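Pasted below: query_14.cif, mmCIF, C-alpha atoms.
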data_final
#
loop_
_atom_site.label_atom_id
_atom_site.label_comp_id
_atom_site.auth_asym_id
_atom_site.auth_seq_id
_atom_site.Cartn_x
_atom_site.Cartn_y
_atom_site.Cartn_z
CA MET A 1 -72.64 -25.73 0.29
CA PRO A 2 -74.47 -24.53 3.43
CA VAL A 3 -73.82 -20.93 4.39
CA THR A 4 -72.77 -21.99 7.90
CA LEU A 5 -70.07 -24.30 6.57
CA TYR A 6 -68.95 -21.69 4.05
CA LEU A 7 -68.51 -19.08 6.82
CA TRP A 8 -66.76 -21.63 9.02
CA TRP A 9 -64.10 -22.36 6.38
CA MET A 10 -63.51 -18.61 6.05
CA VAL A 11 -63.04 -18.15 9.81
CA SER A 12 -61.03 -21.34 10.25
CA ASN A 13 -58.60 -20.62 7.43
CA GLY A 14 -58.23 -17.01 8.59
CA ILE A 15 -57.26 -18.09 12.13
CA LEU A 16 -54.87 -20.76 10.85
CA ALA A 17 -53.31 -18.27 8.45
CA TYR A 18 -52.77 -15.74 11.24
CA PHE A 19 -50.95 -18.20 13.49
CA SER A 20 -49.03 -19.61 10.53
CA ILE A 21 -47.78 -16.16 9.57
CA ASP A 22 -46.88 -15.40 13.19
CA PHE A 23 -44.97 -18.70 13.40
CA PHE A 24 -43.22 -17.91 10.12
CA LEU A 25 -42.13 -14.43 11.25
CA SER A 26 -41.00 -15.75 14.65
CA ILE A 27 -38.84 -18.51 13.17
CA THR A 28 -37.21 -16.15 10.65
CA GLN A 29 -36.82 -13.45 13.37
CA THR A 30 -38.49 -10.88 11.13
CA ASP A 31 -40.36 -7.79 12.23
CA GLY A 32 -43.18 -8.08 9.70
CA LYS A 33 -46.30 -7.54 11.80
CA LYS A 34 -47.51 -4.88 9.38
CA HIS A 35 -47.67 -7.51 6.65
CA ILE A 36 -50.04 -9.80 8.58
CA PRO A 37 -53.26 -7.96 7.52
CA ILE A 38 -52.21 -8.12 3.87
CA LEU A 39 -51.40 -11.83 3.97
CA LEU A 40 -54.60 -12.51 5.92
CA ALA A 41 -56.69 -10.62 3.36
CA VAL A 42 -55.12 -12.57 0.49
CA THR A 43 -55.67 -15.87 2.31
CA ILE A 44 -59.32 -15.12 3.13
CA VAL A 45 -60.11 -13.97 -0.44
CA LEU A 46 -58.43 -17.07 -1.82
CA THR A 47 -60.34 -19.28 0.63
CA ALA A 48 -63.63 -17.62 -0.29
CA ALA A 49 -63.01 -18.16 -4.00
CA VAL A 50 -61.90 -21.76 -3.57
CA THR A 51 -64.83 -22.63 -1.29
CA ARG A 52 -67.42 -20.87 -3.44
CA TRP A 53 -66.34 -22.19 -6.84
CA GLN A 54 -64.49 -25.35 -5.69
CA ILE A 55 -61.27 -24.31 -7.43
CA PRO A 56 -58.75 -27.20 -7.36
CA GLY A 57 -54.96 -27.03 -6.89
CA THR A 58 -54.79 -23.72 -4.99
CA PHE A 59 -52.41 -25.28 -2.43
CA TRP A 60 -49.64 -25.19 -5.02
CA LEU A 61 -50.42 -21.55 -5.74
CA GLU A 62 -50.07 -20.48 -2.11
CA ILE A 63 -46.48 -21.71 -1.72
CA PRO A 64 -44.92 -19.51 -4.47
CA LEU A 65 -47.17 -16.59 -3.45
CA TRP A 66 -45.90 -16.75 0.14
CA MET A 67 -42.28 -17.09 -0.98
CA VAL A 68 -42.44 -14.22 -3.46
CA TYR A 69 -44.15 -11.93 -0.95
CA ALA A 70 -41.68 -12.85 1.80
CA VAL A 71 -38.63 -12.28 -0.40
CA VAL A 72 -39.82 -9.13 -2.21
CA PHE A 73 -41.78 -7.25 0.46
CA ILE A 74 -40.67 -8.61 3.85
CA LYS A 75 -37.03 -8.91 2.66
CA ILE A 76 -36.39 -12.42 3.98
CA ARG A 77 -33.68 -14.47 2.31
CA TRP A 78 -35.07 -17.50 0.53
CA THR A 79 -32.60 -19.73 2.39
CA ASP A 80 -34.26 -18.68 5.65
CA LEU A 81 -37.70 -19.50 4.24
CA LEU A 82 -37.22 -23.17 3.41
CA ALA A 83 -37.32 -24.78 6.85
CA PRO A 84 -40.37 -22.92 8.29
CA MET A 85 -42.31 -23.15 5.02
CA SER A 86 -41.59 -26.87 4.78
CA ILE A 87 -42.96 -27.40 8.29
CA LEU A 88 -46.01 -25.18 7.77
CA PHE A 89 -47.17 -26.69 4.51
CA THR A 90 -46.40 -30.25 5.60
CA LEU A 91 -48.52 -29.73 8.74
CA ARG A 92 -51.27 -28.20 6.64
CA THR A 93 -51.25 -31.23 4.37
CA PHE A 94 -51.55 -33.55 7.37
CA ALA A 95 -54.46 -31.45 8.71
CA GLU A 96 -56.26 -31.44 5.34
CA GLY A 97 -55.67 -35.15 4.89
CA PHE A 98 -57.04 -36.12 8.29
CA THR A 99 -60.02 -33.77 7.90
CA ALA A 100 -60.90 -35.09 4.45
CA VAL A 101 -60.64 -38.78 5.39
CA LEU A 102 -62.53 -38.43 8.68
CA THR A 103 -65.28 -36.29 7.12
CA ALA A 104 -65.74 -38.69 4.21
CA TYR A 105 -65.82 -41.67 6.57
CA ALA A 106 -68.40 -40.02 8.82
CA ALA A 107 -70.61 -39.09 5.86
CA ALA A 108 -70.42 -42.55 4.32
CA HIS A 109 -70.63 -44.80 7.37
CA TRP A 110 -72.44 -42.90 10.13
CA ASN A 111 -76.19 -42.65 10.20
CA LEU A 112 -76.46 -39.09 11.47
CA PRO A 113 -79.84 -37.88 12.75
CA PHE A 114 -78.84 -34.31 12.03
CA ASP A 115 -77.11 -32.24 9.39
CA GLY A 116 -73.56 -33.42 8.62
CA THR A 117 -72.39 -29.79 8.63
CA LEU A 118 -71.94 -29.92 12.39
CA VAL A 119 -69.74 -33.01 12.11
CA GLN A 120 -67.52 -31.32 9.55
CA ILE A 121 -67.15 -28.24 11.75
CA VAL A 122 -66.36 -30.31 14.87
CA LEU A 123 -63.77 -32.43 13.05
CA SER A 124 -62.22 -29.35 11.44
CA LEU A 125 -62.13 -27.47 14.74
CA SER A 126 -60.47 -30.39 16.53
CA LEU A 127 -57.75 -30.73 13.90
CA ASP A 128 -57.27 -26.94 13.78
CA ILE A 129 -56.61 -26.91 17.54
CA LEU A 130 -54.16 -29.80 17.14
CA PHE A 131 -52.44 -27.92 14.30
CA LEU A 132 -52.02 -24.80 16.47
CA LEU A 133 -50.73 -26.82 19.42
CA LEU A 134 -48.14 -28.47 17.18
CA LEU A 135 -47.04 -25.04 15.89
CA VAL A 136 -46.56 -23.85 19.48
CA TRP A 137 -44.63 -27.02 20.34
CA ILE A 138 -42.33 -26.63 17.35
CA GLN A 139 -41.82 -22.93 18.04
CA LYS A 140 -40.81 -23.54 21.65
CA ARG A 141 -38.77 -26.70 21.17
CA VAL A 142 -36.90 -26.32 17.92
CA ALA A 143 -37.10 -22.61 17.02
CA PHE A 144 -33.40 -21.95 17.78
CA SER A 145 -32.26 -24.73 15.45
CA LEU A 146 -34.61 -23.66 12.67
CA GLN A 147 -33.40 -20.05 12.90
CA ASN A 148 -30.14 -21.17 11.29
CA SER A 149 -29.85 -20.53 7.60
CA ILE A 150 -30.26 -23.56 5.37
CA SER A 151 -27.63 -26.19 6.05
CA PRO A 152 -26.98 -29.70 4.69
CA TYR A 153 -28.67 -31.11 7.79
CA LEU A 154 -31.96 -29.37 7.03
CA TYR A 155 -32.20 -31.11 3.65
CA ALA A 156 -32.82 -34.29 5.66
CA LEU A 157 -36.04 -32.57 6.77
CA LEU A 158 -36.99 -30.71 3.59
CA LEU A 159 -36.76 -33.52 1.03
CA PRO A 160 -38.74 -36.19 2.94
CA GLY A 161 -41.23 -33.50 3.97
CA ALA A 162 -41.78 -32.56 0.32
CA LEU A 163 -42.17 -36.25 -0.57
CA MET A 164 -44.79 -36.69 2.18
CA VAL A 165 -46.73 -33.67 0.92
CA LEU A 166 -46.74 -34.96 -2.65
CA THR A 167 -47.69 -38.49 -1.61
CA ILE A 168 -50.57 -37.40 0.65
CA ARG A 169 -52.02 -34.79 -1.68
CA TYR A 170 -51.88 -36.95 -4.79
CA GLY A 171 -52.73 -40.17 -2.92
CA LEU A 172 -55.92 -38.65 -1.46
CA ARG A 173 -56.53 -36.40 -4.50
CA LEU A 174 -56.82 -33.37 -2.20
CA ASP A 175 -56.25 -30.97 -5.13
CA SER A 176 -58.63 -32.73 -7.52
CA PRO A 177 -62.22 -31.60 -8.17
CA SER A 178 -63.31 -35.19 -7.59
CA PHE A 179 -61.53 -35.74 -4.25
CA ALA A 180 -64.82 -35.90 -2.30
CA GLN A 181 -66.29 -38.64 -4.51
CA TYR A 182 -62.96 -40.48 -4.38
CA LEU A 183 -62.84 -40.45 -0.55
CA PHE A 184 -66.53 -41.40 -0.28
CA SER A 185 -65.72 -44.50 -2.31
CA PHE A 186 -63.37 -45.73 0.44
CA ARG A 187 -64.62 -48.71 2.32
CA ARG A 188 -64.19 -48.97 6.05
CA ASP A 189 -60.85 -50.78 5.70
CA GLY A 190 -59.65 -48.23 3.15
CA SER A 191 -60.44 -45.33 5.48
CA PHE A 192 -58.64 -47.01 8.39
CA THR A 193 -55.64 -47.71 6.16
CA ALA A 194 -55.52 -44.07 5.03
CA LEU A 195 -55.73 -42.84 8.65
CA LEU A 196 -53.03 -45.30 9.73
CA LEU A 197 -50.70 -44.18 6.93
CA LEU A 198 -51.33 -40.52 7.72
CA SER A 199 -50.62 -41.11 11.41
CA GLY A 200 -47.42 -43.02 10.64
CA ALA A 201 -46.23 -40.32 8.27
CA ALA A 202 -46.94 -37.63 10.90
CA VAL A 203 -45.00 -39.55 13.56
CA VAL A 204 -42.06 -40.05 11.18
CA PHE A 205 -42.12 -36.35 10.29
CA PHE A 206 -41.93 -35.23 13.93
CA ILE A 207 -39.19 -37.75 14.67
CA MET A 208 -37.26 -36.31 11.73
CA ILE A 209 -37.72 -32.76 13.06
CA GLU A 210 -36.40 -33.83 16.45
CA ILE A 211 -33.40 -35.71 15.00
CA VAL A 212 -32.44 -32.95 12.56
CA CYS A 213 -32.68 -30.27 15.24
CA LYS A 214 -30.58 -32.36 17.64
CA VAL A 215 -27.92 -32.70 14.93
CA ILE A 216 -27.99 -28.94 14.35
CA ARG A 217 -27.72 -28.25 18.09
CA LEU A 218 -24.76 -30.64 18.37
CA THR A 219 -23.10 -28.90 15.44
CA GLU A 220 -23.74 -25.53 17.06
CA GLN A 221 -22.19 -26.81 20.30
CA GLU A 222 -19.14 -28.13 18.46
CA THR A 223 -18.81 -24.79 16.69
CA ALA A 224 -19.18 -22.96 20.00
CA VAL A 225 -16.48 -25.12 21.59
CA ALA A 226 -14.14 -24.47 18.67
CA LEU A 227 -14.89 -20.75 18.86
CA LEU A 228 -14.35 -20.76 22.62
CA THR A 229 -11.00 -22.49 22.11
CA ARG A 230 -9.95 -19.82 19.62
CA GLN A 231 -11.18 -17.09 21.95
CA LEU A 232 -9.19 -18.54 24.84
CA ALA A 233 -6.08 -18.64 22.66
CA ALA A 234 -6.75 -15.04 21.60
CA GLN A 235 -7.26 -14.05 25.24
CA GLN A 236 -3.95 -15.68 26.15
CA THR A 237 -2.23 -13.66 23.45
CA TYR A 238 -4.10 -10.58 24.63
CA LEU A 239 -2.93 -11.15 28.22
CA GLU A 240 0.67 -11.51 27.11
CA GLU A 241 0.40 -8.27 25.14
CA ALA A 242 -1.25 -6.58 28.14
CA LYS A 243 1.67 -7.68 30.31
CA THR A 244 4.07 -6.17 27.76
CA ARG A 245 2.12 -2.90 27.77
CA ASP A 246 2.05 -2.85 31.56
CA ALA A 247 5.82 -3.40 31.66
CA GLN A 248 6.32 -0.54 29.21
CA TYR A 249 4.04 1.72 31.25
CA SER A 250 5.85 0.79 34.48
CA ALA A 251 9.20 1.56 32.88
CA PHE A 252 7.89 4.90 31.62
CA GLN A 253 6.47 5.69 35.06
CA HIS A 254 9.77 4.74 36.68
CA ASP A 255 11.68 7.16 34.46
CA ILE A 256 9.20 10.05 34.67
CA LYS A 257 11.27 11.81 37.36
CA ASN A 258 14.30 11.75 35.08
CA HIS A 259 12.22 13.15 32.23
CA LEU A 260 10.99 15.97 34.45
CA LEU A 261 14.57 16.73 35.51
CA VAL A 262 15.63 17.01 31.87
CA LEU A 263 12.71 19.30 31.08
CA SER A 264 13.44 21.44 34.14
CA GLY A 265 17.12 21.74 33.15
CA LEU A 266 16.30 22.79 29.58
CA ILE A 267 13.86 25.44 30.80
CA GLN A 268 16.36 26.79 33.34
CA GLU A 269 18.93 27.09 30.58
CA ALA A 270 16.34 28.91 28.46
CA LYS A 271 16.50 26.22 25.79
CA TYR A 272 12.81 26.48 25.16
CA GLY A 273 12.87 24.98 21.65
CA ALA A 274 14.66 21.86 22.88
CA ALA A 275 12.31 21.67 25.88
CA GLU A 276 9.28 21.84 23.60
CA GLN A 277 10.64 19.09 21.34
CA TYR A 278 11.40 16.93 24.37
CA ALA A 279 7.88 17.50 25.76
CA VAL A 280 6.30 16.57 22.43
CA ALA A 281 8.36 13.36 22.29
CA LEU A 282 7.42 12.62 25.90
CA GLN A 283 3.73 13.14 25.18
CA ALA A 284 3.91 10.86 22.11
CA GLY A 285 5.57 8.13 24.18
CA CYS A 286 2.90 8.43 26.85
CA SER A 287 -0.03 8.40 24.41
CA SER A 288 1.29 5.24 22.76
CA LEU A 289 0.93 3.46 26.09
CA THR A 290 -2.49 4.65 27.21
CA ILE A 291 -5.68 5.74 25.47
CA PRO A 292 -7.69 8.43 27.25
CA VAL A 293 -11.23 7.10 27.66
CA SER A 294 -13.96 8.72 29.71
CA THR A 295 -17.40 7.33 28.89
CA GLY A 296 -19.17 8.13 32.13
CA ASN A 297 -19.11 4.45 33.10
CA LEU A 298 -16.03 3.31 35.04
CA ILE A 299 -16.37 -0.36 34.11
CA LEU A 300 -16.76 0.46 30.42
CA ASP A 301 -13.76 2.83 30.68
CA THR A 302 -11.58 -0.06 31.88
CA LEU A 303 -12.84 -2.35 29.10
CA LEU A 304 -12.32 0.21 26.34
CA LYS A 305 -8.84 1.15 27.55
CA GLU A 306 -7.75 -2.48 27.39
CA LYS A 307 -9.46 -3.33 24.09
CA LEU A 308 -8.43 -0.13 22.31
CA GLY A 309 -4.92 -0.40 23.78
CA HIS A 310 -4.75 -3.88 22.30
CA ALA A 311 -5.99 -2.50 18.96
CA ARG A 312 -3.30 0.19 18.95
CA TYR A 313 -0.69 -2.40 19.90
CA CYS A 314 -1.81 -4.30 16.78
CA GLU A 315 -1.06 -1.12 14.77
CA ILE A 316 -4.71 -0.26 14.16
CA ARG A 317 -5.65 3.39 13.92
CA VAL A 318 -8.27 3.96 16.60
CA ASP A 319 -10.98 6.60 16.87
CA CYS A 320 -13.12 6.44 20.01
CA SER A 321 -15.93 8.82 20.94
CA VAL A 322 -18.10 7.00 23.46
CA GLN A 323 -20.31 8.66 26.05
CA ILE A 324 -22.97 6.92 28.16
CA PRO A 325 -25.43 9.54 29.46
CA PRO A 326 -26.25 9.22 33.18
CA HIS A 327 -29.98 8.74 32.53
CA PHE A 328 -29.41 5.63 30.39
CA HIS A 329 -29.82 2.85 32.93
CA ILE A 330 -28.25 -0.06 31.06
CA GLU A 331 -26.61 -2.88 32.99
CA ASP A 332 -22.81 -2.81 33.03
CA LEU A 333 -22.64 -6.46 31.99
CA ASP A 334 -24.84 -5.82 28.95
CA LEU A 335 -22.74 -2.83 27.90
CA CYS A 336 -19.57 -4.91 28.21
CA VAL A 337 -21.09 -7.72 26.13
CA VAL A 338 -21.96 -5.31 23.32
CA PHE A 339 -18.70 -3.35 23.28
CA SER A 340 -16.39 -6.34 23.84
CA ASN A 341 -17.95 -8.36 21.02
CA ILE A 342 -17.94 -5.37 18.67
CA LEU A 343 -14.28 -4.62 19.37
CA ASP A 344 -13.11 -8.24 19.35
CA ASN A 345 -14.69 -8.80 15.94
CA ALA A 346 -13.33 -5.50 14.64
CA ILE A 347 -9.76 -6.19 15.81
CA THR A 348 -9.85 -9.71 14.33
CA ALA A 349 -11.06 -8.33 10.99
CA CYS A 350 -8.47 -5.54 10.95
CA MET A 351 -5.64 -8.00 11.55
CA GLN A 352 -6.46 -9.55 8.16
CA VAL A 353 -5.90 -6.20 6.42
CA GLU A 354 -2.52 -4.75 5.50
CA GLN A 355 -1.12 -2.49 8.21
CA SER A 356 -1.61 0.84 6.43
CA LYS A 357 -5.35 0.24 6.00
CA ARG A 358 -6.22 -0.88 9.54
CA VAL A 359 -8.88 1.49 10.88
CA LEU A 360 -11.32 1.11 13.77
CA SER A 361 -13.89 3.67 14.87
CA ILE A 362 -16.46 3.37 17.65
CA THR A 363 -18.88 6.11 18.65
CA THR A 364 -22.14 6.65 20.51
CA LYS A 365 -24.98 9.04 19.78
CA VAL A 366 -28.21 9.89 21.57
CA ARG A 367 -31.37 9.86 19.46
CA ALA A 368 -34.49 10.78 21.46
CA ASN A 369 -34.73 8.02 24.08
CA PHE A 370 -32.26 5.75 22.32
CA LEU A 371 -28.54 5.24 22.57
CA VAL A 372 -26.94 4.35 19.23
CA ILE A 373 -23.62 2.51 19.34
CA GLU A 374 -21.90 2.54 15.96
CA SER A 375 -18.63 0.95 14.94
CA THR A 376 -16.80 0.71 11.61
CA ASN A 377 -13.64 -1.18 10.81
CA SER A 378 -11.59 -2.34 7.88
CA VAL A 379 -12.18 -5.79 6.40
CA ALA A 380 -10.14 -7.72 3.89
CA VAL A 381 -13.04 -8.84 1.68
CA SER A 382 -16.67 -7.77 1.63
CA ARG A 383 -18.69 -10.95 1.87
CA PRO A 384 -22.14 -12.07 3.08
CA ILE A 385 -22.38 -11.72 6.86
CA GLU A 386 -22.35 -14.96 8.83
CA LYS A 387 -23.66 -14.40 12.33
CA GLY A 388 -21.50 -16.05 14.96
CA ILE A 389 -22.04 -16.23 18.69
CA GLY A 390 -20.71 -12.70 19.22
CA LEU A 391 -23.19 -11.06 16.83
CA ARG A 392 -26.03 -13.16 18.21
CA ASN A 393 -25.18 -12.01 21.72
CA ILE A 394 -25.24 -8.39 20.54
CA GLU A 395 -28.65 -8.91 18.90
CA ALA A 396 -29.96 -10.52 22.08
CA ILE A 397 -28.91 -7.48 24.13
CA SER A 398 -30.49 -5.07 21.63
CA ARG A 399 -33.78 -6.99 21.78
CA LYS A 400 -33.61 -6.94 25.59
CA TYR A 401 -33.52 -3.13 25.44
CA GLN A 402 -36.27 -2.83 22.79
CA GLY A 403 -33.76 -1.99 20.09
CA ILE A 404 -32.36 -3.38 16.86
CA THR A 405 -29.00 -4.27 15.34
CA GLU A 406 -28.06 -3.25 11.79
CA ILE A 407 -25.04 -4.69 9.99
CA GLU A 408 -23.42 -3.79 6.67
CA ASN A 409 -20.34 -5.20 4.95
CA THR A 410 -19.50 -3.32 1.76
CA ASP A 411 -16.50 -1.79 -0.01
CA GLY A 412 -13.93 -3.09 2.47
CA THR A 413 -15.74 -1.63 5.49
CA PHE A 414 -17.79 -3.42 8.12
CA ARG A 415 -20.36 -1.33 9.98
CA ILE A 416 -22.50 -2.34 12.92
CA SER A 417 -25.10 -0.11 14.55
CA VAL A 418 -26.75 -1.15 17.82
CA LEU A 419 -29.75 0.76 19.11
CA LEU A 420 -30.58 0.45 22.82
CA CYS A 421 -33.37 1.96 24.86
CA THR A 422 -33.07 2.42 28.59
CA PRO A 423 -35.71 0.29 30.34
CA LYS A 424 -36.65 3.16 32.65
CA GLN A 425 -37.79 5.40 29.80
CA GLU A 426 -40.84 5.44 27.59
CA CYS A 427 -39.41 4.40 24.22
CA HIS A 428 -40.89 5.39 20.92
CA ALA A 429 -39.31 4.62 17.56
#
Mind turning this structure into structure tokens?
Amino acid sequence: MPVTLYLWWMVSNGILAYFSIDFFLSITQTDGKKHIPILLAVTIVLTAAVTRWQIPGTFWLEIPLWMVYAVVFIKIRWTDLLAPMSILFTLRTFAEGFTAVLTAYAAAHWNLPFDGTLVQIVLSLSLDILFLLLLVWIQKRVAFSLQNSISPYLYALLLPGALMVLTIRYGLRLDSPSFAQYLFSFRRDGSFTALLLLSGAAVVFFIMIEIVCKVIRLTEQETAVALLTRQLAAQQTYLEEAKTRDAQYSAFQHDIKNHLLVLSGLIQEAKYGAAEQYAVALQAGCSSLTIPVSTGNLILDTLLKEKLGHARYCEIRVDCSVQIPPHFHIEDLDLCVVFSNILDNAITACMQVEQSKRVLSITTKVRANFLVIESTNSVAVSRPIEKGIGLRNIEAISRKYQGITEIENTDGTFRISVLLCTPKQECHA
């Protein structure tokens, strides 16, 4: 093999591997940039060995290697790997198939006045560019749908995709040492038939991607509508309870003069013990109606008073220690999205626990240039976390402020930690 072609395959496969890994990390929403050099090095070494010694069947070695590395070192769940890996390796098979057929056809049927190496490089470069453009298209158009964990709908994409890969690779003998001689034996009609079948399979594959993602989006919309309906019902209940609390507070406020008269009379009569007991009872009655909250943000104060008041009304023990430093310039709306979703989820989870075990705690801490919002609450059963719209909204806000969201659900306790960085600060992890 000419040195120029050998070097080209090294560079070409390295570039394709880089963008494939980037696509893979983007779809799985994984911060694994530090793993890119390692995966690139493995890919380039494997490419060099395959190209130099013409080792067959390495395609089937790459798939388990990628999966094992992703699961063990990058910590991605295998259910999140299936859809992006299916797309990547199916596209790679299409690219290899087109390159092999076109190169063999050119070598067998074109009378080239120059070295065929240039033709191979031009054909490979053209298909590599098409491969990268398709990756970008998929990433922009269907990334949200593919970021869902494996669902029954995605099997409609995975199984036919796997069948296409097997059919193309074995039909064209791409993993056989004799695939070049086999493709050179194609007559003109055979080459056209192979290209036509490859093109048809590619079109069908992209139509399948579009259909499956539309089904997933429709399902997501139906789920969102159902969730919104439940949230509206919960908000109606919450409003009724808020009205009850307001009525209780108004009644207490109406009678405060009478309470002060009683206290004044007891003090005048030197009945200090009775006055102290009455004051303690009065303070307990007042604290059951309102929760003192002073975060440094008036809008957040109002939200927390209502949400935590609702939690206490639901007989949940509440611990709140929230402070927003003045130099943290975070939009009020974003703060309300984070805190309201955290508290709504926590209250809902606590309501499924017996009354004596209902606990909710929410705190904030400052770490360097970051604000850490942490909440823990009781849960009935520790189970794998399923991210709904609320948790996704929280993660979106944390990404907006260059932060992260960590979630744990173990031993009957759910914990969520949201790290935010003010956009007007230099942020360093």
Interatomic distance, atom CA of A:Ser185 to atom CA of A:Val165 (Å, one decimal):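 Atom-to-atom, atom CA of A:Ser185 to atom CA of A:Val165, that is 22.1 Å.
Selection result for the displayed file, with the PyMOL selection byres ((chain A and resi 300) around 12) as criterion, is Val293, Ser294, Thr295, Gly296, Asn297, Leu298, Ile299, Asp301, Thr302, Leu303, Leu304, Lys305, Glu306, Lys307, Leu308, Val322, Gln323, Ile324, Ile330, Glu331, Asp332, Leu333, Asp334, Leu335, Cys336, Val337, Val338, Phe339 and Ser340 of chain A.
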Would you write out, as a tab-separated table (two decimals) with C-alpha atoms, keeping the file's coordinate frame, every residue that the PyMOL selection byres ((chain A and resi 39-52) around 8) captures in this file?
chain	number	residue	atom	x	y	z
A	6	TYR	CA	-68.95	-21.69	4.05
A	9	TRP	CA	-64.10	-22.36	6.38
A	10	MET	CA	-63.51	-18.61	6.05
A	13	ASN	CA	-58.60	-20.62	7.43
A	14	GLY	CA	-58.23	-17.01	8.59
A	17	ALA	CA	-53.31	-18.27	8.45
A	18	TYR	CA	-52.77	-15.74	11.24
A	21	ILE	CA	-47.78	-16.16	9.57
A	35	HIS	CA	-47.67	-7.51	6.65
A	36	ILE	CA	-50.04	-9.80	8.58
A	37	PRO	CA	-53.26	-7.96	7.52
A	38	ILE	CA	-52.21	-8.12	3.87
A	53	TRP	CA	-66.34	-22.19	-6.84
A	54	GLN	CA	-64.49	-25.35	-5.69
A	55	ILE	CA	-61.27	-24.31	-7.43
A	56	PRO	CA	-58.75	-27.20	-7.36
A	58	THR	CA	-54.79	-23.72	-4.99
Residues returned when the PyMOL selection byres ((chain A and resi 344) around 10) runs on this file, as a compact mmCIF listing (two decimals) with C-alpha atoms, keeping the file's coordinate frame:
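Result saved to result.txt:
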# COMPACT_ATOMS: atom_id res chain seq x y z
CA GLN A 231 -11.18 -17.09 21.95
CA ALA A 234 -6.75 -15.04 21.60
CA LYS A 307 -9.46 -3.33 24.09
CA LEU A 308 -8.43 -0.13 22.31
CA HIS A 310 -4.75 -3.88 22.30
CA ALA A 311 -5.99 -2.50 18.96
CA PHE A 339 -18.70 -3.35 23.28
CA SER A 340 -16.39 -6.34 23.84
CA ASN A 341 -17.95 -8.36 21.02
CA ILE A 342 -17.94 -5.37 18.67
CA LEU A 343 -14.28 -4.62 19.37
CA ASN A 345 -14.69 -8.80 15.94
CA ALA A 346 -13.33 -5.50 14.64
CA ILE A 347 -9.76 -6.19 15.81
CA THR A 348 -9.85 -9.71 14.33
CA ALA A 349 -11.06 -8.33 10.99
CA CYS A 350 -8.47 -5.54 10.95
CA GLY A 390 -20.71 -12.70 19.22
Nearest to A:Ile209 among A:Leu197, A:Ile87, A:Ile74, A:Leu82, with distances taken over all atoms listed in the file: which residue is it?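 Result for the nearest residue to A:Ile209: A:Ile87.
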Near-A:Met208 list (10 Å; all atoms listed in the file; drop same-chain fewer than 2 positions) as a ChimeraX atom specification: /A:154,156-158,160-161,202-206,210-214
Place a sphere of radius 12 Å on (-40.8, -5.9, 1.3) in the file coordinates and name every protein, DNA or RNA residue with an atom inside or on its surface, counting only C-alpha atoms; give the answer as a ChimeraX atom specification. /A:30-35,38,67-77
